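See structure below.
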Amino acid sequence: MRAALKGISLALSTLVVSGAALAQDKVVNIYSSRHYQTDEALYSGFTKATGIKVNRIEAGEDALIERIRNEGARSPADVMITVDAGRLWRAEQLGLFQPVKSSVLEARIPENLREPGGLWFGFSQRARVIAYNKAKVKLDEIQTYEELAEPKWKGRICMRSATSIYNLSLMGALIDHLGEQKAEAWARAVRANLAQDPKGGDSDQLKAVAAGQCDVTVSNQYYYARLVRSDKADEREAAGRIGIVMPNQKTWGTHVNISGGGVLKHAPNREAAVKFLEYLASDEAQRYFADGNNEWPVVASVKLDNPVLNALGDFKRDRLNVAMLGRNQPSSQKIYDRVAWK
């Protein structure tokens, strides 16, 4: 009798454990710094495809990283989604991610758009383009990032601050392609060419170019796309005064970065978390994920019906692994500091 009861008890224990595991597979907790309305379709699409409920917390990148650090092993977070490889690298350096081995992710996402050890993956691409005032600059006058350092641009360039993650990542790419010494010379020369001290975001730089406060700037392409597709007539008019260059088409290609994410170290629902990342690489999710911010999918076969991006055309992208943008971040910041780029 005791043996029978013991067997029943063991069976019940196994059932409870199995039930807990099943319950875990039915939910995934997302910490995201993306705040785009189209991302709602991502979450509902994932739940429809898998039956797994999505819980999410949205906040700024730094706030999310700090929250995950503070929660430690007690964190309910399974996945962190954020923008820029530089921020993903920061989370990586804090030991927040765990490696993921997935044949789906490896087949769908190009090698240069994911961390080599599987700690995080890119799910959409953004390009750092050169924007110019069409009334003051001819298209053939500026075709590369290096040309921004030429003396003819003195007093004609607007740029974001040295602390901008986008500028840090661009510098990270320049360090890899030019070497640290030449990259610093470039930063010093561009700093000397500024029309004003760095201030504001990419949209502010584009509007300054359109208004004639400066002639040239560097911006992520989706800020330009937002102006073109804006509901405000003055923003659409501003976009009409701006031309866009995809830099370095004859050399290493235009600098690209990512929105991406990874499975967190203490994820309580790891299997569901991996399924969520794999879903983000699906054709359906790629369209939702990228179109939410006027970006390009990372899966080459997926095409967007986005008139602004389509008008920019096909272009040569830098094939540098985006993980290098983060790894070069400390050197990038030191260069900006040495040249007094505010």
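Residues are named by chain letter and number: chains run A, B, ... in the order of the structure tokens, numbers start at 1 in each chain, and ligands are numbered from 1 in the order shown.
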task = Please identify all polymer residues within 9 Å of Pro110 of chain A, counting only C-alpha atoms, omitting same-chain residues fewer than 5 positions from it, and present them as a count of residues only.
result = 5
Using backbone DSSP assignments, extract all alpha helix (DSSP H) residues from segment 51-295 of chain A; output them as a short mmCIF file (atom, residue, chain, number, x, y, z; two decimals) with N, CA, C and O atoms, in the first residue's frame.
```cif
data_model
loop_
_atom_site.label_atom_id
_atom_site.label_comp_id
_atom_site.auth_asym_id
_atom_site.auth_seq_id
_atom_site.Cartn_x
_atom_site.Cartn_y
_atom_site.Cartn_z
N GLU A 61 16.15 52.57 -22.93
CA GLU A 61 17.18 51.53 -22.94
C GLU A 61 17.95 51.46 -21.63
O GLU A 61 18.12 50.39 -21.04
N ASP A 62 18.44 52.60 -21.18
CA ASP A 62 19.25 52.62 -19.96
C ASP A 62 18.44 52.18 -18.75
O ASP A 62 18.95 51.46 -17.88
N ALA A 63 17.17 52.60 -18.70
CA ALA A 63 16.32 52.23 -17.57
C ALA A 63 16.07 50.72 -17.55
O ALA A 63 16.07 50.09 -16.48
N LEU A 64 15.87 50.13 -18.73
CA LEU A 64 15.64 48.69 -18.80
C LEU A 64 16.88 47.91 -18.38
O LEU A 64 16.79 46.93 -17.63
N ILE A 65 18.02 48.33 -18.89
CA ILE A 65 19.27 47.64 -18.53
C ILE A 65 19.50 47.70 -17.03
O ILE A 65 19.86 46.69 -16.40
N GLU A 66 19.26 48.87 -16.44
CA GLU A 66 19.47 49.01 -15.00
C GLU A 66 18.47 48.18 -14.22
O GLU A 66 18.81 47.57 -13.20
N ARG A 67 17.24 48.11 -14.72
CA ARG A 67 16.22 47.31 -14.04
C ARG A 67 16.60 45.83 -14.05
O ARG A 67 16.47 45.14 -13.03
N ILE A 68 17.05 45.34 -15.20
CA ILE A 68 17.43 43.93 -15.30
C ILE A 68 18.61 43.64 -14.38
O ILE A 68 18.66 42.61 -13.70
N ARG A 69 19.56 44.55 -14.31
CA ARG A 69 20.70 44.39 -13.40
C ARG A 69 20.23 44.28 -11.95
O ARG A 69 20.67 43.41 -11.20
N ASN A 70 19.35 45.19 -11.58
CA ASN A 70 18.88 45.22 -10.19
C ASN A 70 18.04 44.00 -9.83
O ASN A 70 18.10 43.50 -8.70
N GLU A 71 17.27 43.50 -10.79
CA GLU A 71 16.42 42.34 -10.52
C GLU A 71 17.25 41.06 -10.38
O GLU A 71 16.86 40.14 -9.65
N ALA A 85 23.33 48.32 -31.93
CA ALA A 85 24.24 47.27 -31.46
C ALA A 85 25.06 47.74 -30.27
O ALA A 85 25.45 46.94 -29.42
N GLY A 86 25.30 49.05 -30.20
CA GLY A 86 26.06 49.59 -29.08
C GLY A 86 25.37 49.37 -27.75
O GLY A 86 26.02 49.06 -26.74
N ARG A 87 24.06 49.48 -27.72
CA ARG A 87 23.31 49.25 -26.48
C ARG A 87 23.24 47.76 -26.16
O ARG A 87 23.30 47.36 -24.99
N LEU A 88 23.09 46.94 -27.18
CA LEU A 88 23.10 45.50 -26.96
C LEU A 88 24.45 45.06 -26.41
O LEU A 88 24.53 44.20 -25.53
N TRP A 89 25.51 45.68 -26.91
CA TRP A 89 26.85 45.37 -26.41
C TRP A 89 26.98 45.75 -24.94
O TRP A 89 27.58 45.01 -24.15
N ARG A 90 26.41 46.90 -24.56
CA ARG A 90 26.48 47.32 -23.15
C ARG A 90 25.80 46.27 -22.26
O ARG A 90 26.33 45.92 -21.20
N ALA A 91 24.64 45.80 -22.68
CA ALA A 91 23.95 44.76 -21.91
C ALA A 91 24.77 43.47 -21.89
O ALA A 91 24.84 42.78 -20.86
N GLU A 92 25.39 43.16 -23.01
CA GLU A 92 26.25 41.97 -23.08
C GLU A 92 27.40 42.08 -22.08
O GLU A 92 27.72 41.10 -21.39
N GLN A 93 28.03 43.26 -22.00
CA GLN A 93 29.15 43.45 -21.10
C GLN A 93 28.76 43.30 -19.63
O GLN A 93 29.59 42.95 -18.78
N SER A 103 18.90 27.05 -35.29
CA SER A 103 19.10 26.89 -36.74
C SER A 103 18.24 27.88 -37.52
O SER A 103 18.63 28.33 -38.60
N VAL A 104 17.08 28.24 -36.96
CA VAL A 104 16.20 29.22 -37.62
C VAL A 104 16.87 30.58 -37.67
O VAL A 104 16.93 31.22 -38.73
N LEU A 105 17.38 31.04 -36.54
CA LEU A 105 18.01 32.36 -36.49
C LEU A 105 19.29 32.39 -37.32
O LEU A 105 19.58 33.39 -37.99
N GLU A 106 20.04 31.32 -37.29
CA GLU A 106 21.29 31.28 -38.04
C GLU A 106 21.04 31.25 -39.55
O GLU A 106 21.82 31.80 -40.33
N ALA A 107 19.94 30.63 -39.95
CA ALA A 107 19.62 30.56 -41.38
C ALA A 107 19.00 31.86 -41.88
O ALA A 107 19.24 32.26 -43.03
N ARG A 108 18.24 32.53 -41.04
CA ARG A 108 17.48 33.70 -41.48
C ARG A 108 18.24 35.02 -41.33
O ARG A 108 18.05 35.93 -42.14
N ILE A 165 24.53 57.38 -29.12
CA ILE A 165 24.91 55.99 -29.41
C ILE A 165 25.10 55.79 -30.91
O ILE A 165 25.93 54.99 -31.35
N TYR A 166 24.35 56.55 -31.72
CA TYR A 166 24.47 56.42 -33.17
C TYR A 166 25.83 56.94 -33.66
O TYR A 166 26.46 56.34 -34.54
N ASN A 167 26.29 58.05 -33.08
CA ASN A 167 27.60 58.56 -33.45
C ASN A 167 28.72 57.68 -32.91
O ASN A 167 29.76 57.51 -33.54
N LEU A 168 28.52 57.11 -31.73
CA LEU A 168 29.51 56.19 -31.19
C LEU A 168 29.66 54.96 -32.09
O LEU A 168 30.77 54.48 -32.33
N SER A 169 28.55 54.45 -32.57
CA SER A 169 28.60 53.27 -33.43
C SER A 169 29.22 53.61 -34.79
O SER A 169 29.99 52.81 -35.35
N LEU A 170 28.90 54.79 -35.34
CA LEU A 170 29.54 55.20 -36.60
C LEU A 170 31.05 55.29 -36.41
O LEU A 170 31.82 54.81 -37.25
N MET A 171 31.48 55.89 -35.30
CA MET A 171 32.92 55.96 -35.03
C MET A 171 33.51 54.57 -34.89
O MET A 171 34.64 54.31 -35.33
N GLY A 172 32.76 53.66 -34.28
CA GLY A 172 33.24 52.28 -34.14
C GLY A 172 33.53 51.66 -35.49
O GLY A 172 34.51 50.93 -35.66
N ALA A 173 32.67 51.96 -36.47
CA ALA A 173 32.89 51.44 -37.82
C ALA A 173 34.10 52.11 -38.47
O ALA A 173 34.91 51.44 -39.13
N LEU A 174 34.24 53.41 -38.27
CA LEU A 174 35.37 54.13 -38.86
C LEU A 174 36.70 53.64 -38.28
O LEU A 174 37.71 53.55 -38.99
N ILE A 175 36.71 53.34 -36.99
CA ILE A 175 37.92 52.81 -36.36
C ILE A 175 38.33 51.50 -37.04
O ILE A 175 39.50 51.27 -37.33
N ASP A 176 37.33 50.66 -37.31
CA ASP A 176 37.64 49.37 -37.93
C ASP A 176 38.16 49.54 -39.35
O ASP A 176 39.09 48.86 -39.77
N HIS A 177 37.56 50.47 -40.10
CA HIS A 177 37.93 50.63 -41.51
C HIS A 177 39.17 51.50 -41.72
O HIS A 177 39.96 51.23 -42.63
N LEU A 178 39.34 52.53 -40.91
CA LEU A 178 40.42 53.48 -41.12
C LEU A 178 41.61 53.29 -40.18
O LEU A 178 42.71 53.74 -40.48
N GLU A 180 42.52 53.57 -35.78
CA GLU A 180 42.17 54.54 -34.75
C GLU A 180 42.79 55.91 -35.01
O GLU A 180 42.15 56.94 -34.78
N GLN A 181 44.01 55.97 -35.51
CA GLN A 181 44.67 57.25 -35.74
C GLN A 181 43.94 58.08 -36.80
O GLN A 181 43.68 59.27 -36.60
N LYS A 182 43.60 57.46 -37.92
CA LYS A 182 42.89 58.19 -38.98
C LYS A 182 41.47 58.53 -38.56
O LYS A 182 40.93 59.58 -38.94
N ALA A 183 40.85 57.64 -37.79
CA ALA A 183 39.50 57.93 -37.30
C ALA A 183 39.50 59.15 -36.39
O ALA A 183 38.58 59.99 -36.45
N GLU A 184 40.53 59.27 -35.57
CA GLU A 184 40.62 60.45 -34.69
C GLU A 184 40.86 61.71 -35.51
O GLU A 184 40.29 62.77 -35.21
N ALA A 185 41.71 61.63 -36.53
CA ALA A 185 41.94 62.79 -37.40
C ALA A 185 40.65 63.22 -38.08
O ALA A 185 40.36 64.43 -38.23
N TRP A 186 39.84 62.23 -38.49
CA TRP A 186 38.53 62.53 -39.09
C TRP A 186 37.64 63.26 -38.10
O TRP A 186 37.04 64.29 -38.43
N ALA A 187 37.55 62.76 -36.88
CA ALA A 187 36.69 63.37 -35.87
C ALA A 187 37.14 64.79 -35.56
O ALA A 187 36.31 65.70 -35.40
N ARG A 188 38.45 65.02 -35.51
CA ARG A 188 38.97 66.36 -35.21
C ARG A 188 38.60 67.34 -36.32
O ARG A 188 38.21 68.48 -36.07
N ALA A 189 38.73 66.87 -37.57
CA ALA A 189 38.42 67.74 -38.71
C ALA A 189 36.93 68.03 -38.81
O ALA A 189 36.53 69.17 -39.09
N VAL A 190 36.09 67.02 -38.58
CA VAL A 190 34.64 67.25 -38.63
C VAL A 190 34.22 68.18 -37.50
O VAL A 190 33.38 69.07 -37.69
N ARG A 191 34.82 68.00 -36.33
CA ARG A 191 34.53 68.89 -35.20
C ARG A 191 34.84 70.34 -35.59
O ARG A 191 34.06 71.26 -35.27
N ALA A 192 35.94 70.56 -36.30
CA ALA A 192 36.32 71.92 -36.72
C ALA A 192 35.37 72.46 -37.80
O ALA A 192 35.30 73.68 -37.99
N ASP A 202 18.57 63.48 -34.22
CA ASP A 202 18.70 63.43 -35.67
C ASP A 202 17.66 64.30 -36.37
O ASP A 202 17.96 64.96 -37.36
N SER A 203 16.43 64.30 -35.88
CA SER A 203 15.38 65.12 -36.49
C SER A 203 15.76 66.60 -36.44
O SER A 203 15.52 67.35 -37.40
N ASP A 204 16.37 67.02 -35.34
CA ASP A 204 16.80 68.42 -35.21
C ASP A 204 17.87 68.76 -36.23
O ASP A 204 17.89 69.86 -36.79
N GLN A 205 18.79 67.82 -36.47
CA GLN A 205 19.84 68.07 -37.46
C GLN A 205 19.24 68.20 -38.86
O GLN A 205 19.62 69.10 -39.63
N LEU A 206 18.30 67.33 -39.19
CA LEU A 206 17.66 67.40 -40.51
C LEU A 206 16.89 68.70 -40.69
O LEU A 206 16.97 69.34 -41.76
N LYS A 207 16.18 69.13 -39.66
CA LYS A 207 15.43 70.38 -39.76
C LYS A 207 16.37 71.58 -39.87
O LYS A 207 16.06 72.57 -40.54
N ALA A 208 17.54 71.50 -39.21
CA ALA A 208 18.52 72.58 -39.31
C ALA A 208 19.06 72.67 -40.74
O ALA A 208 19.27 73.77 -41.27
N VAL A 209 19.29 71.53 -41.37
CA VAL A 209 19.74 71.51 -42.76
C VAL A 209 18.66 72.10 -43.66
O VAL A 209 18.95 72.93 -44.54
N ALA A 210 17.42 71.69 -43.46
CA ALA A 210 16.32 72.19 -44.29
C ALA A 210 16.14 73.70 -44.13
O ALA A 210 15.79 74.40 -45.09
N GLN A 221 18.30 56.92 -41.42
CA GLN A 221 17.38 57.21 -42.52
C GLN A 221 15.93 57.30 -42.08
O GLN A 221 15.13 57.98 -42.71
N TYR A 222 15.57 56.65 -40.98
CA TYR A 222 14.15 56.65 -40.61
C TYR A 222 13.68 58.01 -40.10
O TYR A 222 12.49 58.32 -40.17
N TYR A 223 14.60 58.84 -39.63
CA TYR A 223 14.21 60.20 -39.23
C TYR A 223 13.80 61.01 -40.46
O TYR A 223 12.84 61.78 -40.43
N TYR A 224 14.52 60.81 -41.54
CA TYR A 224 14.15 61.45 -42.81
C TYR A 224 12.81 60.90 -43.29
O TYR A 224 11.92 61.66 -43.72
N ALA A 225 12.63 59.58 -43.20
CA ALA A 225 11.37 58.96 -43.64
C ALA A 225 10.19 59.50 -42.84
O ALA A 225 9.10 59.69 -43.38
N ARG A 226 10.40 59.74 -41.56
CA ARG A 226 9.32 60.29 -40.73
C ARG A 226 8.89 61.66 -41.22
O ARG A 226 7.70 61.99 -41.23
N LEU A 227 9.87 62.49 -41.62
CA LEU A 227 9.54 63.82 -42.14
C LEU A 227 8.75 63.70 -43.44
O LEU A 227 7.75 64.38 -43.64
N VAL A 228 9.20 62.81 -44.32
CA VAL A 228 8.52 62.63 -45.62
C VAL A 228 7.09 62.17 -45.41
O VAL A 228 6.16 62.62 -46.11
N ALA A 233 2.41 69.51 -42.60
CA ALA A 233 2.85 70.03 -43.90
C ALA A 233 4.24 70.64 -43.83
O ALA A 233 5.05 70.48 -44.76
N ASP A 234 4.58 71.31 -42.72
CA ASP A 234 5.89 71.95 -42.62
C ASP A 234 7.02 70.92 -42.58
O ASP A 234 8.11 71.16 -43.11
N GLU A 235 6.75 69.75 -41.98
CA GLU A 235 7.77 68.70 -41.94
C GLU A 235 7.94 68.06 -43.31
O GLU A 235 9.08 67.74 -43.71
N ARG A 236 6.85 67.88 -44.03
CA ARG A 236 6.96 67.35 -45.40
C ARG A 236 7.70 68.34 -46.30
O ARG A 236 8.51 67.94 -47.14
N GLU A 237 7.45 69.63 -46.11
CA GLU A 237 8.15 70.66 -46.89
C GLU A 237 9.64 70.66 -46.55
O GLU A 237 10.49 70.82 -47.45
N ALA A 238 9.97 70.47 -45.29
CA ALA A 238 11.38 70.40 -44.88
C ALA A 238 12.06 69.22 -45.56
O ALA A 238 13.19 69.35 -46.07
N ALA A 239 11.38 68.08 -45.59
CA ALA A 239 11.95 66.90 -46.24
C ALA A 239 12.21 67.15 -47.72
O ALA A 239 13.18 66.64 -48.28
N GLY A 240 11.35 67.94 -48.34
CA GLY A 240 11.51 68.24 -49.75
C GLY A 240 12.74 69.06 -50.07
O GLY A 240 13.21 69.08 -51.22
N ARG A 270 12.62 30.19 -20.96
CA ARG A 270 13.63 30.22 -22.00
C ARG A 270 13.12 29.69 -23.34
O ARG A 270 13.36 30.28 -24.40
N GLU A 271 12.41 28.59 -23.32
CA GLU A 271 11.93 27.99 -24.57
C GLU A 271 11.00 28.94 -25.30
O GLU A 271 11.09 29.12 -26.52
N ALA A 272 10.10 29.58 -24.55
CA ALA A 272 9.20 30.54 -25.17
C ALA A 272 9.97 31.75 -25.68
O ALA A 272 9.63 32.33 -26.72
N ALA A 273 11.02 32.14 -24.97
CA ALA A 273 11.84 33.29 -25.38
C ALA A 273 12.52 33.02 -26.71
O ALA A 273 12.55 33.88 -27.60
N VAL A 274 13.07 31.82 -26.87
CA VAL A 274 13.71 31.46 -28.13
C VAL A 274 12.69 31.43 -29.26
O VAL A 274 12.96 31.91 -30.38
N LYS A 275 11.52 30.90 -28.98
CA LYS A 275 10.45 30.88 -29.99
C LYS A 275 10.08 32.30 -30.42
O LYS A 275 9.80 32.55 -31.59
N PHE A 276 10.10 33.23 -29.45
CA PHE A 276 9.77 34.62 -29.78
C PHE A 276 10.83 35.21 -30.71
O PHE A 276 10.49 35.87 -31.70
N LEU A 277 12.10 34.99 -30.42
CA LEU A 277 13.15 35.50 -31.30
C LEU A 277 13.03 34.87 -32.69
O LEU A 277 13.20 35.57 -33.71
N GLU A 278 12.73 33.58 -32.75
CA GLU A 278 12.57 32.92 -34.05
C GLU A 278 11.38 33.50 -34.80
O GLU A 278 11.44 33.66 -36.03
N TYR A 279 10.32 33.85 -34.08
CA TYR A 279 9.18 34.47 -34.73
C TYR A 279 9.56 35.83 -35.33
O TYR A 279 9.10 36.19 -36.42
N LEU A 280 10.41 36.58 -34.63
CA LEU A 280 10.83 37.89 -35.13
C LEU A 280 11.59 37.77 -36.46
O LEU A 280 11.67 38.75 -37.21
N ASP A 283 8.82 35.97 -41.96
CA ASP A 283 8.45 36.98 -42.95
C ASP A 283 7.43 37.95 -42.38
O ASP A 283 7.54 39.18 -42.55
N GLU A 284 6.41 37.43 -41.73
CA GLU A 284 5.35 38.26 -41.17
C GLU A 284 5.91 39.26 -40.17
O GLU A 284 5.66 40.48 -40.26
N ALA A 285 6.68 38.77 -39.22
CA ALA A 285 7.21 39.65 -38.18
C ALA A 285 8.23 40.63 -38.73
O ALA A 285 8.32 41.77 -38.26
N GLN A 286 9.01 40.21 -39.71
CA GLN A 286 9.99 41.12 -40.29
C GLN A 286 9.33 42.37 -40.87
O GLN A 286 9.85 43.47 -40.74
N ARG A 287 8.20 42.18 -41.49
CA ARG A 287 7.48 43.35 -42.04
C ARG A 287 6.98 44.26 -40.91
O ARG A 287 7.12 45.48 -40.98
N TYR A 288 6.38 43.66 -39.90
CA TYR A 288 5.91 44.45 -38.76
C TYR A 288 7.07 45.15 -38.05
O TYR A 288 7.01 46.34 -37.74
N PHE A 289 8.11 44.39 -37.81
CA PHE A 289 9.23 44.88 -37.00
C PHE A 289 9.92 46.05 -37.70
O PHE A 289 10.21 47.08 -37.08
N ALA A 290 10.18 45.90 -38.98
CA ALA A 290 10.91 46.94 -39.71
C ALA A 290 10.03 48.14 -40.06
O ALA A 290 10.44 49.29 -39.89
N ASP A 291 8.79 47.87 -40.52
CA ASP A 291 7.94 48.96 -40.98
C ASP A 291 7.51 49.87 -39.84
O ASP A 291 7.13 51.02 -40.06
#
```
Q: Give the answer as one residue: which of A:Val263, A:Val339, A:Leu309, A:Ile142 has the shortest atom-to-atom distance to Asn248 of chain A, using only C-alpha atoms?
A: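 Nearest candidate to Asn248 of chain A out of A:Val263, A:Val339, A:Leu309, A:Ile142: A:Ile142.
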- Query: What's the 8 Å shell around segment 132-134 of chain A, counting only C-alpha atoms, without same-chain residues fewer than 4 positions away, as a ChimeraX atom specification?
  - Reply: /A:138-139,209-210,212,215-217,241-244
Those selected residues, please, written with N, CA and C atoms and delivered as a PDB file, in the first residue's frame.
```pdb
ATOM      1  N   LYS A 138      25.450  70.135 -54.144  1.00  0.00           N
ATOM      2  CA  LYS A 138      25.166  69.239 -55.256  1.00  0.00           C
ATOM      3  C   LYS A 138      25.450  67.799 -54.830  1.00  0.00           C
ATOM      4  N   LEU A 139      24.703  66.876 -55.396  1.00  0.00           N
ATOM      5  CA  LEU A 139      24.803  65.465 -55.017  1.00  0.00           C
ATOM      6  C   LEU A 139      26.228  64.936 -55.096  1.00  0.00           C
ATOM      7  N   VAL A 209      19.292  71.527 -41.368  1.00  0.00           N
ATOM      8  CA  VAL A 209      19.738  71.508 -42.759  1.00  0.00           C
ATOM      9  C   VAL A 209      18.665  72.101 -43.662  1.00  0.00           C
ATOM     10  N   ALA A 210      17.419  71.686 -43.462  1.00  0.00           N
ATOM     11  CA  ALA A 210      16.318  72.189 -44.289  1.00  0.00           C
ATOM     12  C   ALA A 210      16.139  73.695 -44.129  1.00  0.00           C
ATOM     13  N   GLY A 212      18.504  75.808 -43.514  1.00  0.00           N
ATOM     14  CA  GLY A 212      19.683  76.539 -43.946  1.00  0.00           C
ATOM     15  C   GLY A 212      20.631  76.927 -42.835  1.00  0.00           C
ATOM     16  N   ASP A 215      24.544  73.013 -43.872  1.00  0.00           N
ATOM     17  CA  ASP A 215      24.323  72.461 -45.215  1.00  0.00           C
ATOM     18  C   ASP A 215      24.283  70.938 -45.258  1.00  0.00           C
ATOM     19  N   VAL A 216      24.929  70.301 -44.280  1.00  0.00           N
ATOM     20  CA  VAL A 216      25.091  68.851 -44.316  1.00  0.00           C
ATOM     21  C   VAL A 216      24.981  68.291 -42.905  1.00  0.00           C
ATOM     22  N   THR A 217      24.449  67.078 -42.793  1.00  0.00           N
ATOM     23  CA  THR A 217      24.440  66.369 -41.517  1.00  0.00           C
ATOM     24  C   THR A 217      24.492  64.871 -41.769  1.00  0.00           C
ATOM     25  N   ARG A 241      13.295  69.739 -49.065  1.00  0.00           N
ATOM     26  CA  ARG A 241      14.504  70.533 -49.271  1.00  0.00           C
ATOM     27  C   ARG A 241      15.787  69.739 -48.994  1.00  0.00           C
ATOM     28  N   ILE A 242      15.604  68.465 -48.612  1.00  0.00           N
ATOM     29  CA  ILE A 242      16.737  67.636 -48.209  1.00  0.00           C
ATOM     30  C   ILE A 242      17.020  66.554 -49.242  1.00  0.00           C
ATOM     31  N   GLY A 243      18.287  66.367 -49.558  1.00  0.00           N
ATOM     32  CA  GLY A 243      18.724  65.245 -50.382  1.00  0.00           C
ATOM     33  C   GLY A 243      19.435  64.217 -49.510  1.00  0.00           C
ATOM     34  N   ILE A 244      19.415  62.970 -49.939  1.00  0.00           N
ATOM     35  CA  ILE A 244      20.015  61.881 -49.157  1.00  0.00           C
ATOM     36  C   ILE A 244      21.100  61.167 -49.969  1.00  0.00           C
TER      37      ILE A 244
END
```
Correct to one decimal, the distance atom CA of Ala340 of chain A-atom CA of Gly253 of chain A is 27.8 Å
### Task
Give the strand (DSSP E) residues of segment 174-223 of chain A, as assigned by DSSP on the backbone, as a count of residues only.
5
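Using only C-alpha atoms, the smallest distance between any of A:Gly118, A:Gly45, A:Gly201, A:Pro151 and Asn220 of chain A comes from A:Gly201.
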